[in-house]
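Input: a single structure, listed below in structure tokens.
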Amino acid sequence: MNDLNQAYQNFFTSTKGKRKGKPVKPPKFKSRKSRQTARFRKGGFKVGQHKVYLAKIGKLKIISPVRVA
């Protein structure tokens, strides 16, 4: 919600001419097809050697990337 609030503030200050640079377009919502993102605060995650803990999700097993020779 903070990002959305900041996006609208930038848009409205731009339309009033109070913002430097070229006018800012209104914010767009992400489509469901795009990669979704998430942010976690300091207490929202813990990284272990073989697992990652994410708040509201739980423990996730880490899988090492496959190396192609």
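Identifiers in this document derive from the order of the structure tokens: chains are assigned A, B, ..., residues are numbered from 1 separately in each chain, and ligands are numbered from 1 in order of occurrence.
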Open item on the list: Which residues are near Phe12 (chain A)? Cut-off 12 Å, only C-alpha atoms, ignore same chain within fewer than 6 positions. Put them as a PyMOL selection string.
Closed with: chain A and resi 5-6+18-19+23-27
Can I get the selection written as a PDB file, in the first residue's frame, with N, CA, C and O atoms?
ATOM      1  N   ASN A   5       0.423   4.401  -2.602  1.00  0.00           N
ATOM      2  CA  ASN A   5       0.238   5.754  -2.097  1.00  0.00           C
ATOM      3  C   ASN A   5       1.282   6.695  -2.699  1.00  0.00           C
ATOM      4  O   ASN A   5       0.954   7.791  -3.160  1.00  0.00           O
ATOM      5  N   GLN A   6       2.544   6.268  -2.724  1.00  0.00           N
ATOM      6  CA  GLN A   6       3.617   7.090  -3.270  1.00  0.00           C
ATOM      7  C   GLN A   6       3.423   7.322  -4.765  1.00  0.00           C
ATOM      8  O   GLN A   6       3.661   8.414  -5.269  1.00  0.00           O
ATOM      9  N   LYS A  18       4.138  20.666  -9.786  1.00  0.00           N
ATOM     10  CA  LYS A  18       5.026  20.854  -8.646  1.00  0.00           C
ATOM     11  C   LYS A  18       6.241  19.914  -8.690  1.00  0.00           C
ATOM     12  O   LYS A  18       7.134  20.024  -7.878  1.00  0.00           O
ATOM     13  N   ARG A  19       6.255  19.007  -9.650  1.00  0.00           N
ATOM     14  CA  ARG A  19       7.313  17.996  -9.725  1.00  0.00           C
ATOM     15  C   ARG A  19       8.214  18.306 -10.921  1.00  0.00           C
ATOM     16  O   ARG A  19       7.736  18.626 -11.999  1.00  0.00           O
ATOM     17  N   PRO A  23       6.100  14.853 -17.109  1.00  0.00           N
ATOM     18  CA  PRO A  23       4.927  14.427 -16.331  1.00  0.00           C
ATOM     19  C   PRO A  23       4.908  12.910 -16.096  1.00  0.00           C
ATOM     20  O   PRO A  23       5.296  12.130 -16.962  1.00  0.00           O
ATOM     21  N   VAL A  24       4.457  12.535 -14.920  1.00  0.00           N
ATOM     22  CA  VAL A  24       4.366  11.133 -14.537  1.00  0.00           C
ATOM     23  C   VAL A  24       2.999  10.595 -14.942  1.00  0.00           C
ATOM     24  O   VAL A  24       1.983  11.262 -14.731  1.00  0.00           O
ATOM     25  N   LYS A  25       2.973   9.406 -15.522  1.00  0.00           N
ATOM     26  CA  LYS A  25       1.708   8.776 -15.907  1.00  0.00           C
ATOM     27  C   LYS A  25       1.050   8.156 -14.678  1.00  0.00           C
ATOM     28  O   LYS A  25       1.723   7.848 -13.699  1.00  0.00           O
ATOM     29  N   PRO A  26      -0.270   7.947 -14.729  1.00  0.00           N
ATOM     30  CA  PRO A  26      -0.941   7.321 -13.578  1.00  0.00           C
ATOM     31  C   PRO A  26      -0.434   5.900 -13.365  1.00  0.00           C
ATOM     32  O   PRO A  26       0.000   5.239 -14.312  1.00  0.00           O
ATOM     33  N   PRO A  27      -0.466   5.422 -12.118  1.00  0.00           N
ATOM     34  CA  PRO A  27       0.051   4.088 -11.819  1.00  0.00           C
ATOM     35  C   PRO A  27      -0.763   2.988 -12.503  1.00  0.00           C
ATOM     36  O   PRO A  27      -1.967   3.115 -12.691  1.00  0.00           O
TER      37      PRO A  27
END
- [ ] Pull the alpha helix (DSSP H) assignments for region 1-59 of chain A out of DSSP run on the backbone, and list those residues as a list in words.
- [x]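 These are the residues in question: Asn2, Asp3, Leu4, Asn5, Gln6, Ala7, Tyr8, Gln9, Asn10, Phe11, Phe12, Thr13, Ser14 and Thr15 of chain A.
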Emit the selected residues as a compact mmCIF listing (two decimals), in the first residue's frame, including all heavy atoms.
# COMPACT_ATOMS: atom_id res chain seq x y z
N ASN A 2 2.06 1.19 0.61
CA ASN A 2 2.93 2.36 0.61
C ASN A 2 3.36 2.74 -0.80
O ASN A 2 3.43 3.91 -1.14
CB ASN A 2 4.16 2.12 1.48
CG ASN A 2 3.83 2.06 2.95
OD1 ASN A 2 2.83 2.62 3.37
ND2 ASN A 2 4.64 1.38 3.72
N ASP A 3 3.66 1.73 -1.62
CA ASP A 3 4.07 2.01 -3.00
C ASP A 3 2.94 2.63 -3.79
O ASP A 3 3.16 3.55 -4.59
CB ASP A 3 4.54 0.72 -3.68
CG ASP A 3 5.83 0.20 -3.09
OD1 ASP A 3 6.58 0.99 -2.50
OD2 ASP A 3 6.08 -1.01 -3.23
N LEU A 4 1.73 2.14 -3.60
CA LEU A 4 0.58 2.68 -4.31
C LEU A 4 0.33 4.13 -3.90
O LEU A 4 0.09 5.00 -4.74
CB LEU A 4 -0.66 1.83 -4.03
CG LEU A 4 -1.94 2.26 -4.72
CD1 LEU A 4 -1.80 2.15 -6.23
CD2 LEU A 4 -3.11 1.42 -4.23
N ASN A 5 0.42 4.40 -2.60
CA ASN A 5 0.24 5.75 -2.10
C ASN A 5 1.28 6.70 -2.70
O ASN A 5 0.95 7.79 -3.16
CB ASN A 5 0.32 5.76 -0.57
CG ASN A 5 -0.01 7.11 0.01
OD1 ASN A 5 -0.77 7.89 -0.55
ND2 ASN A 5 0.59 7.40 1.15
N GLN A 6 2.54 6.27 -2.72
CA GLN A 6 3.62 7.09 -3.27
C GLN A 6 3.42 7.32 -4.77
O GLN A 6 3.66 8.41 -5.27
CB GLN A 6 4.98 6.43 -3.02
CG GLN A 6 6.15 7.30 -3.41
CD GLN A 6 6.23 8.58 -2.58
OE1 GLN A 6 6.14 8.55 -1.37
NE2 GLN A 6 6.39 9.70 -3.25
N ALA A 7 2.96 6.30 -5.48
CA ALA A 7 2.73 6.43 -6.92
C ALA A 7 1.65 7.48 -7.20
O ALA A 7 1.81 8.31 -8.11
CB ALA A 7 2.33 5.08 -7.51
N TYR A 8 0.57 7.47 -6.44
CA TYR A 8 -0.49 8.45 -6.65
C TYR A 8 -0.04 9.85 -6.24
O TYR A 8 -0.38 10.84 -6.88
CB TYR A 8 -1.77 8.06 -5.92
CG TYR A 8 -2.62 7.12 -6.74
CD1 TYR A 8 -2.80 5.80 -6.38
CD2 TYR A 8 -3.25 7.56 -7.90
CE1 TYR A 8 -3.57 4.94 -7.14
CE2 TYR A 8 -4.02 6.73 -8.67
CZ TYR A 8 -4.18 5.41 -8.29
OH TYR A 8 -4.94 4.57 -9.05
N GLN A 9 0.75 9.95 -5.18
CA GLN A 9 1.27 11.27 -4.78
C GLN A 9 2.15 11.84 -5.89
O GLN A 9 2.05 13.02 -6.23
CB GLN A 9 2.06 11.17 -3.48
CG GLN A 9 1.20 11.04 -2.26
CD GLN A 9 2.04 10.95 -0.99
OE1 GLN A 9 3.26 10.93 -1.04
NE2 GLN A 9 1.37 10.88 0.15
N ASN A 10 3.03 11.01 -6.46
CA ASN A 10 3.89 11.46 -7.56
C ASN A 10 3.06 11.89 -8.76
O ASN A 10 3.37 12.90 -9.40
CB ASN A 10 4.86 10.35 -7.97
CG ASN A 10 5.88 10.06 -6.91
OD1 ASN A 10 6.13 10.87 -6.02
ND2 ASN A 10 6.49 8.89 -7.00
N PHE A 11 2.03 11.13 -9.06
CA PHE A 11 1.17 11.45 -10.21
C PHE A 11 0.46 12.80 -10.02
O PHE A 11 0.48 13.66 -10.91
CB PHE A 11 0.15 10.34 -10.44
CG PHE A 11 -0.90 10.67 -11.45
CD1 PHE A 11 -0.58 10.85 -12.78
CD2 PHE A 11 -2.23 10.80 -11.06
CE1 PHE A 11 -1.55 11.16 -13.72
CE2 PHE A 11 -3.20 11.12 -11.98
CZ PHE A 11 -2.87 11.30 -13.32
N PHE A 12 -0.14 12.99 -8.86
CA PHE A 12 -0.91 14.22 -8.64
C PHE A 12 -0.02 15.45 -8.51
O PHE A 12 -0.37 16.52 -8.99
CB PHE A 12 -1.84 14.07 -7.44
CG PHE A 12 -3.00 13.15 -7.71
CD1 PHE A 12 -3.21 12.03 -6.93
CD2 PHE A 12 -3.87 13.39 -8.75
CE1 PHE A 12 -4.27 11.17 -7.18
CE2 PHE A 12 -4.94 12.55 -9.03
CZ PHE A 12 -5.13 11.43 -8.23
N THR A 13 1.15 15.32 -7.89
CA THR A 13 2.06 16.47 -7.83
C THR A 13 2.60 16.79 -9.22
O THR A 13 2.86 17.94 -9.54
CB THR A 13 3.22 16.23 -6.85
OG1 THR A 13 3.89 15.03 -7.20
CG2 THR A 13 2.75 16.18 -5.42
N SER A 14 2.75 15.78 -10.05
CA SER A 14 3.21 15.99 -11.43
C SER A 14 2.16 16.71 -12.26
O SER A 14 2.49 17.61 -13.05
CB SER A 14 3.54 14.65 -12.08
OG SER A 14 3.89 14.81 -13.42
N THR A 15 0.89 16.36 -12.08
CA THR A 15 -0.17 17.00 -12.86
C THR A 15 -0.36 18.46 -12.43
O THR A 15 -0.77 19.29 -13.24
CB THR A 15 -1.51 16.26 -12.71
OG1 THR A 15 -1.85 16.18 -11.33
CG2 THR A 15 -1.43 14.88 -13.31
Open item on the list: Show me, as number ranges by chain, the residues that have an atom within 10 Å of Leu60 (chain A) when counting only C-alpha atoms, minus same-chain residues fewer than 4 positions from it.
Closed with: A: 47, 50-54
Selection file, C-alpha atoms, as a tab-separated table (two decimals), in the first residue's frame:
chain	number	residue	atom	x	y	z
A	47	VAL	CA	17.84	-17.85	6.09
A	50	HIS	CA	19.18	-25.74	3.90
A	51	LYS	CA	15.90	-23.90	4.49
A	52	VAL	CA	14.42	-20.40	4.30
A	53	TYR	CA	11.62	-19.35	6.64
A	54	LEU	CA	9.14	-16.78	5.29
Open item on the list: Could you go through region 4-68 of chain A and tell me which residues DSSP, when run on the backbone, assigns to strand (DSSP E), listing them as a list in words?
Closed with: Phe45, Lys46, Val47, Lys51, Val52, Tyr53, Leu54, Gly58, Lys59, Leu60 and Lys61 of chain A
Open item on the list: Taking only C-alpha atoms into account, name the residue in A:Gly21, A:Phe29, A:Lys16, A:Ile57 that is nearest to Gly44 (chain A).
Closed with: A:Ile57
Task: Gap from CA of Ser34 (chain A) to CA of Gly48 (chain A) - Å, one decimal - done: 28.7 Å
Task: Length of the CA of Pro65 (chain A) to CA of Arg35 (chain A) vector [Å] - done: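 CA of Arg35 (chain A) lies 19.5 Å from CA of Pro65 (chain A).
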- [ ] To one decimal in Å, tell me the separation between CA of Ile63 (chain A) and CA of Lys30 (chain A).
- [x]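 The value is 28.1 Å.
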